[in-house]
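Structure data follow from run_39.txt (compact mmCIF, C-alpha atoms):
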# COMPACT_ATOMS: atom_id res chain seq x y z
CA MET P 1 8.56 -7.72 25.28
CA LYS P 2 5.43 -5.62 24.82
CA LYS P 3 4.20 -5.25 21.25
CA TYR P 4 2.37 -2.34 19.63
CA ALA P 5 1.17 -1.96 16.05
CA VAL P 6 0.42 1.54 14.80
CA ILE P 7 -1.78 0.91 11.77
CA VAL P 8 -1.95 4.06 9.70
CA ALA P 9 -5.27 4.51 7.93
CA GLY P 10 -5.20 8.25 7.50
CA GLY P 11 -5.08 8.58 3.70
CA SER P 12 -7.77 10.00 1.44
CA GLY P 13 -7.32 7.52 -1.40
CA ARG P 14 -7.58 10.07 -4.20
CA ARG P 15 -5.72 7.79 -6.62
CA MET P 16 -8.45 5.19 -6.23
CA GLY P 17 -10.88 7.71 -7.72
CA ASN P 18 -13.32 7.10 -4.89
CA VAL P 19 -14.99 9.38 -2.36
CA VAL P 20 -14.53 6.72 0.33
CA PRO P 21 -10.95 6.55 1.71
CA LYS P 22 -9.29 3.45 0.29
CA GLN P 23 -8.74 1.85 3.70
CA PHE P 24 -12.54 1.60 4.02
CA LEU P 25 -13.06 0.05 0.58
CA LEU P 26 -14.36 -3.50 0.70
CA LEU P 27 -12.33 -6.58 -0.14
CA HIS P 28 -14.44 -9.74 -0.04
CA GLY P 29 -16.98 -7.86 2.04
CA LYS P 30 -14.53 -6.46 4.61
CA PRO P 31 -12.74 -3.08 4.75
CA LEU P 32 -9.10 -3.29 3.68
CA MET P 33 -7.86 -2.36 7.13
CA TYR P 34 -9.80 -5.30 8.64
CA TYR P 35 -7.26 -7.66 7.10
CA SER P 36 -4.29 -5.69 8.42
CA ILE P 37 -5.73 -5.64 11.94
CA LYS P 38 -6.54 -9.35 11.79
CA ALA P 39 -3.04 -10.25 10.60
CA PHE P 40 -1.47 -8.67 13.69
CA LEU P 41 -4.02 -10.19 16.06
CA ASP P 42 -3.49 -13.62 14.53
CA ALA P 43 0.30 -13.30 14.69
CA PHE P 44 0.54 -12.19 18.33
CA ASP P 45 -1.79 -12.95 21.23
CA ASP P 46 -0.36 -10.09 23.29
CA ILE P 47 -0.28 -7.25 20.78
CA ASN P 48 -1.93 -3.85 21.26
CA ILE P 49 -3.09 -2.03 18.14
CA ILE P 50 -3.44 1.71 17.61
CA LEU P 51 -5.56 2.47 14.56
CA VAL P 52 -4.97 5.95 13.14
CA VAL P 53 -7.87 7.23 11.03
CA PRO P 54 -9.01 10.57 9.55
CA ALA P 55 -10.93 12.74 12.01
CA ASN P 56 -14.18 12.38 10.06
CA HIS P 57 -13.93 8.58 10.03
CA VAL P 58 -13.36 7.85 13.71
CA GLN P 59 -16.86 6.44 14.07
CA SER P 60 -16.31 4.07 11.14
CA GLY P 61 -13.07 2.88 12.71
CA GLU P 62 -14.71 2.30 16.06
CA GLU P 63 -17.63 0.46 14.45
CA LEU P 64 -15.19 -1.90 12.74
CA ILE P 65 -13.43 -2.60 16.03
CA THR P 66 -16.77 -3.33 17.68
CA GLU P 67 -17.80 -5.61 14.82
CA MET P 68 -14.51 -7.52 15.17
CA LYS P 69 -15.05 -7.72 18.95
CA VAL P 70 -11.51 -6.56 19.67
CA GLU P 71 -12.20 -3.43 21.73
CA LYS P 72 -9.71 -4.57 24.39
CA LYS P 73 -6.93 -4.94 21.83
CA VAL P 74 -7.48 -1.98 19.51
CA ARG P 75 -7.90 1.71 20.14
CA VAL P 76 -8.61 4.45 17.61
CA THR P 77 -6.90 7.81 17.35
CA ILE P 78 -7.02 10.68 14.87
CA GLY P 79 -4.53 11.14 12.04
CA GLY P 80 -2.66 14.33 11.22
CA SER P 81 -1.99 16.42 8.14
CA SER P 82 0.93 14.21 7.04
CA ARG P 83 2.04 10.61 7.52
CA PHE P 84 4.65 11.85 9.99
CA ASP P 85 1.97 13.56 12.08
CA SER P 86 -0.37 10.56 11.89
CA VAL P 87 2.33 8.15 13.04
CA LYS P 88 3.37 10.53 15.80
CA ASN P 89 -0.22 10.72 17.05
CA GLY P 90 -0.20 6.95 17.33
CA LEU P 91 3.20 6.84 19.01
CA ASN P 92 2.04 9.36 21.60
CA LEU P 93 -0.11 6.59 23.08
CA ILE P 94 2.88 4.32 23.76
CA HIS P 95 4.52 4.82 27.15
CA GLU P 96 6.47 1.63 27.81
CA ALA P 97 9.42 -0.29 26.40
CA SER P 98 8.15 -2.33 23.48
CA VAL P 99 8.57 -3.40 19.90
CA VAL P 100 6.58 -1.07 17.67
CA PHE P 101 5.29 -1.95 14.19
CA VAL P 102 4.16 0.87 11.90
CA HIS P 103 2.02 -0.51 9.11
CA ASP P 104 0.02 0.85 6.19
CA ALA P 105 -3.60 -0.17 6.70
CA VAL P 106 -3.93 -0.76 2.96
CA ARG P 107 -1.13 -3.35 2.90
CA CYS P 108 -3.87 -5.82 3.70
CA LEU P 109 -2.03 -8.93 2.45
CA VAL P 110 0.78 -8.89 5.01
CA THR P 111 1.40 -12.36 6.44
CA GLN P 112 1.89 -13.54 9.99
CA ALA P 113 5.28 -14.92 8.95
CA LEU P 114 6.56 -11.49 7.93
CA LEU P 115 5.23 -9.91 11.11
CA ARG P 116 7.02 -12.46 13.27
CA ASN P 117 10.24 -12.13 11.29
CA CYS P 118 10.15 -8.35 11.74
CA TYR P 119 9.62 -8.76 15.47
CA GLU P 120 12.55 -11.14 15.89
CA GLN P 121 14.94 -8.93 13.93
CA ALA P 122 13.85 -5.79 15.79
CA ILE P 123 14.68 -7.53 19.05
CA GLU P 124 18.09 -8.51 17.69
CA LYS P 125 19.11 -5.41 15.69
CA GLY P 126 16.75 -2.65 16.80
CA SER P 127 14.85 -2.40 13.52
CA ALA P 128 13.41 -4.40 10.64
CA ILE P 129 12.40 -2.68 7.40
CA PRO P 130 10.76 -5.06 4.90
CA ALA P 131 12.11 -4.66 1.38
CA VAL P 132 11.96 -6.57 -1.89
CA ALA P 133 14.21 -6.51 -4.93
CA ALA P 134 13.13 -4.53 -7.98
CA THR P 135 12.10 -6.70 -10.91
CA ASP P 136 11.77 -3.94 -13.54
CA SER P 137 14.45 -1.81 -15.14
CA ILE P 138 14.93 1.39 -13.15
CA ARG P 139 15.78 4.85 -14.47
CA ILE P 140 16.43 8.07 -12.57
CA GLU P 141 15.06 11.28 -14.10
CA GLU P 142 16.54 14.63 -13.20
CA ASN P 143 16.37 18.03 -14.91
CA GLY P 144 14.67 16.55 -17.96
CA LYS P 145 17.27 13.82 -18.45
CA HIS P 146 17.27 10.22 -17.33
CA SER P 147 19.74 7.42 -16.85
CA ILE P 148 19.53 3.76 -16.00
CA ILE P 149 20.75 2.41 -12.67
CA ASN P 150 21.59 -1.09 -11.54
CA ARG P 151 18.30 -2.59 -10.39
CA ASN P 152 20.21 -5.16 -8.33
CA GLN P 153 21.03 -2.31 -5.96
CA VAL P 154 17.42 -1.15 -5.67
CA ARG P 155 15.13 -2.24 -2.85
CA ILE P 156 11.41 -1.43 -2.73
CA ILE P 157 10.42 -0.60 0.83
CA GLN P 158 7.29 -1.96 2.51
CA THR P 159 5.72 -2.02 5.94
CA PRO P 160 5.47 -2.93 8.79
CA GLN P 161 8.56 -0.91 9.62
CA THR P 162 9.47 -2.27 13.01
CA PHE P 163 11.62 -0.77 15.79
CA LEU P 164 12.44 -0.91 19.43
CA SER P 165 10.33 1.82 21.01
CA GLU P 166 13.33 3.65 22.47
CA ILE P 167 14.65 4.19 18.94
CA LEU P 168 11.40 5.13 17.23
CA LEU P 169 9.88 7.36 19.91
CA ALA P 170 13.09 9.38 20.25
CA ALA P 171 13.37 9.83 16.45
CA PHE P 172 9.85 11.24 16.25
CA GLU P 173 10.79 14.05 18.61
CA GLN P 174 12.43 15.70 15.59
CA THR P 175 10.83 18.52 13.64
CA TYR P 176 9.19 17.32 10.43
CA GLN P 177 11.25 17.42 7.22
CA ASP P 178 10.09 16.90 3.64
CA ALA P 179 12.61 14.06 3.39
CA PHE P 180 10.59 12.01 5.90
CA THR P 181 8.84 9.61 3.53
CA ASP P 182 8.63 6.74 6.01
CA GLU P 183 9.66 5.77 9.52
CA ALA P 184 13.09 4.52 8.42
CA SER P 185 13.96 7.95 7.03
CA VAL P 186 12.95 9.56 10.34
CA VAL P 187 15.11 7.17 12.35
CA GLU P 188 18.08 7.62 10.01
CA ALA P 189 17.80 11.40 10.30
CA ALA P 190 18.09 10.97 14.06
CA GLY P 191 21.44 9.27 13.51
CA THR P 192 20.46 5.62 13.96
CA GLU P 193 21.19 2.96 11.34
CA VAL P 194 18.23 0.92 10.13
CA PHE P 195 18.29 -2.68 8.95
CA LEU P 196 16.40 -4.23 6.06
CA ILE P 197 14.65 -7.59 6.13
CA GLU P 198 13.30 -9.62 3.23
CA GLY P 199 9.74 -8.51 2.47
CA GLU P 200 7.05 -10.20 0.41
CA HIS P 201 6.07 -9.40 -3.18
CA GLN P 202 2.42 -10.07 -2.29
CA ASN P 203 2.59 -7.43 0.44
CA ILE P 204 1.31 -4.81 -1.98
CA LYS P 205 -0.07 -1.39 -1.11
CA ILE P 206 -3.61 -0.90 -2.42
CA THR P 207 -3.29 2.38 -4.27
CA ARG P 208 -5.15 1.98 -7.57
CA PRO P 209 -8.23 0.00 -8.67
CA ILE P 210 -6.07 -2.71 -10.28
CA ASP P 211 -4.41 -3.34 -6.90
CA LEU P 212 -7.79 -4.19 -5.40
CA PHE P 213 -8.43 -6.71 -8.16
CA ILE P 214 -5.01 -8.31 -7.57
CA ALA P 215 -5.66 -8.47 -3.82
CA GLU P 216 -8.97 -10.25 -4.42
CA LYS P 217 -7.22 -12.93 -6.49
CA ILE P 218 -4.46 -13.41 -3.92
CA LEU P 219 -7.00 -13.88 -1.12
CA GLU P 220 -8.89 -16.40 -3.24
CA GLU P 221 -5.68 -18.36 -3.89
CA ARG P 222 -4.81 -18.35 -0.19
CA ALA P 223 -8.28 -19.63 0.69
CA LEU P 224 -7.92 -22.47 -1.83
CA PHE P 225 -4.49 -23.35 -0.44
CA LYS P 226 -5.90 -23.63 3.10
CA GLN P 227 -8.58 -26.01 1.86
CA GLN P 228 -6.04 -28.41 0.34
Written as structure tokens, how would this file's structure read?
Amino acid sequence: MKKYAVIVAGGSGRRMGNVVPKQFLLLHGKPLMYYSIKAFLDAFDDINIILVVPANHVQSGEELITEMKVEKKVRVTIGGSSRFDSVKNGLNLIHEASVVFVHDAVRCLVTQALLRNCYEQAIEKGSAIPAVAATDSIRIEENGKHSIINRNQVRIIQTPQTFLSEILLAAFEQTYQDAFTDEASVVEAAGTEVFLIEGEHQNIKITRPIDLFIAEKILEERALFKQQ
């Protein structure tokens, strides 16, 4: 089946405390989103990638694609005012039955193994939402009070959130709601059950400066492992 990856790189990265959007920050000399793009291209020979970037960074996105020499595999489109709008802009370029991955560009440590597992489950069940167990104690705060909950029932959601196109494209015909925090929530609101799949604890989202430091160390460890 056809494969599309909508890589969302539309954020401003304010929490990184940097003028440059975080997806363009360098990790071992390459922009964060370089690693996300490369992971998909390495995992699937026949994948098509839609890179969603802020309107004022289209040129930077296109320059990266040219540098990677993957113009035939990757196209750039403009993000919207929300994640929902950015993803929808990417989905608007898909017009055939396919498996669609939606991935945060700044989850630059995603592995080929996870991508392939998501694909296989999406074929079987219609969706694959990577999730990992919580390792910390979890409390819920409401109206100034808080209470502990069973962390064994908590799952931390990651990307790529992966769906059959017929499910995802139809769900994004809905009007935006504040409750739409990710693609799974959009699909559920359309009345379709979504299915979790085991994620990876190294599949972190680069949000703060410490995350960039952690990502550097993980890449260094992976490089050493390959040399052994």
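Using all atoms listed in the file, the shortest contact distance between Gln174 in chain P and any of P:Tyr4, P:Phe84, P:Tyr35, P:Phe24 is found at P:Phe84.
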Using all atoms listed in the file, which protein or nucleic acid residues come within 10 Å of Glu62 in chain P? Drop anything in the same chain fewer than 2 positions from it, and give the result as an MDAnalysis selection string. chainID P and resid 51 53 57:60 64:68 71 74:77
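With CA of Ser185 in chain P on one side and CA of Gln112 in chain P on the other, the separation reads 24.8 Å.
Note that the spacing between CA of Ala39 in chain P and CA of Glu173 in chain P amounts to 29.1 Å.
Between CA of Leu196 in chain P and CA of Ser137 in chain P the separation is 21.4 Å.
The residue that comes closest to Phe163 in chain P, out of P:Tyr119, P:Phe44, P:Phe225, P:Tyr34 and on the basis of all atoms listed in the file, is P:Tyr119.
Minimum atom-to-atom distances from P:Ile94, P:Val100, P:Ala131, P:Leu115 to Phe195 in chain P were compared using only C-alpha atoms, and the lowest value belongs to P:Ala131.
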Local residues around (-2.8, -5.6, 25.0), at most 10 Å away, using all atoms listed in the file, as a PyMOL selection string: chain P and resi 2-4+44-49+72-74
Tell me which of P:Ala9, P:Val99, P:Val52, P:Val132 sits closest to Gly199 in chain P, counting only C-alpha atoms. P:Val132
Kindly provide the residues of range 72-163 of chain P that approach range 209-222 of chain P to within 10 Å, each paired with its closest atom pair and their distance in Å to one decimal, based on all atoms listed in the file, listed by chain and increasing number, as JSON lines.
{"residue": "P:Val106", "atom": "CA", "partner": "P:Leu212", "partner_atom": "CA", "distance": 9.8}
{"residue": "P:Arg107", "atom": "CA", "partner": "P:Ala215", "partner_atom": "CA", "distance": 9.6}
{"residue": "P:Cys108", "atom": "CA", "partner": "P:Ala215", "partner_atom": "CA", "distance": 8.2}
{"residue": "P:Leu109", "atom": "CA", "partner": "P:Ala215", "partner_atom": "CA", "distance": 7.3}
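Those residues that approach Ile140 in chain P to within 12 Å, counting all atoms listed in the file, are His146, Ser147, Ile148, Ile149, Asn150, Arg151 and Val154 of chain P; same-chain residues fewer than 6 positions away are not listed.
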Atoms to include: C-alpha atoms. Write the selected residues as an mmCIF file, in the frame of the given file.
data_model
loop_
_atom_site.group_PDB
_atom_site.id
_atom_site.type_symbol
_atom_site.label_atom_id
_atom_site.label_comp_id
_atom_site.auth_asym_id
_atom_site.auth_seq_id
_atom_site.Cartn_x
_atom_site.Cartn_y
_atom_site.Cartn_z
ATOM 1 C CA HIS P 146 17.270 10.220 -17.330
ATOM 2 C CA SER P 147 19.740 7.420 -16.850
ATOM 3 C CA ILE P 148 19.530 3.760 -16.000
ATOM 4 C CA ILE P 149 20.750 2.410 -12.670
ATOM 5 C CA ASN P 150 21.590 -1.090 -11.540
ATOM 6 C CA ARG P 151 18.300 -2.590 -10.390
ATOM 7 C CA VAL P 154 17.420 -1.150 -5.670
#
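Shortest atom-to-atom contact with Gly61 in chain P among P:Ala223, P:Ser81, P:Gly126, P:Ile37: P:Ile37, counting only C-alpha atoms.
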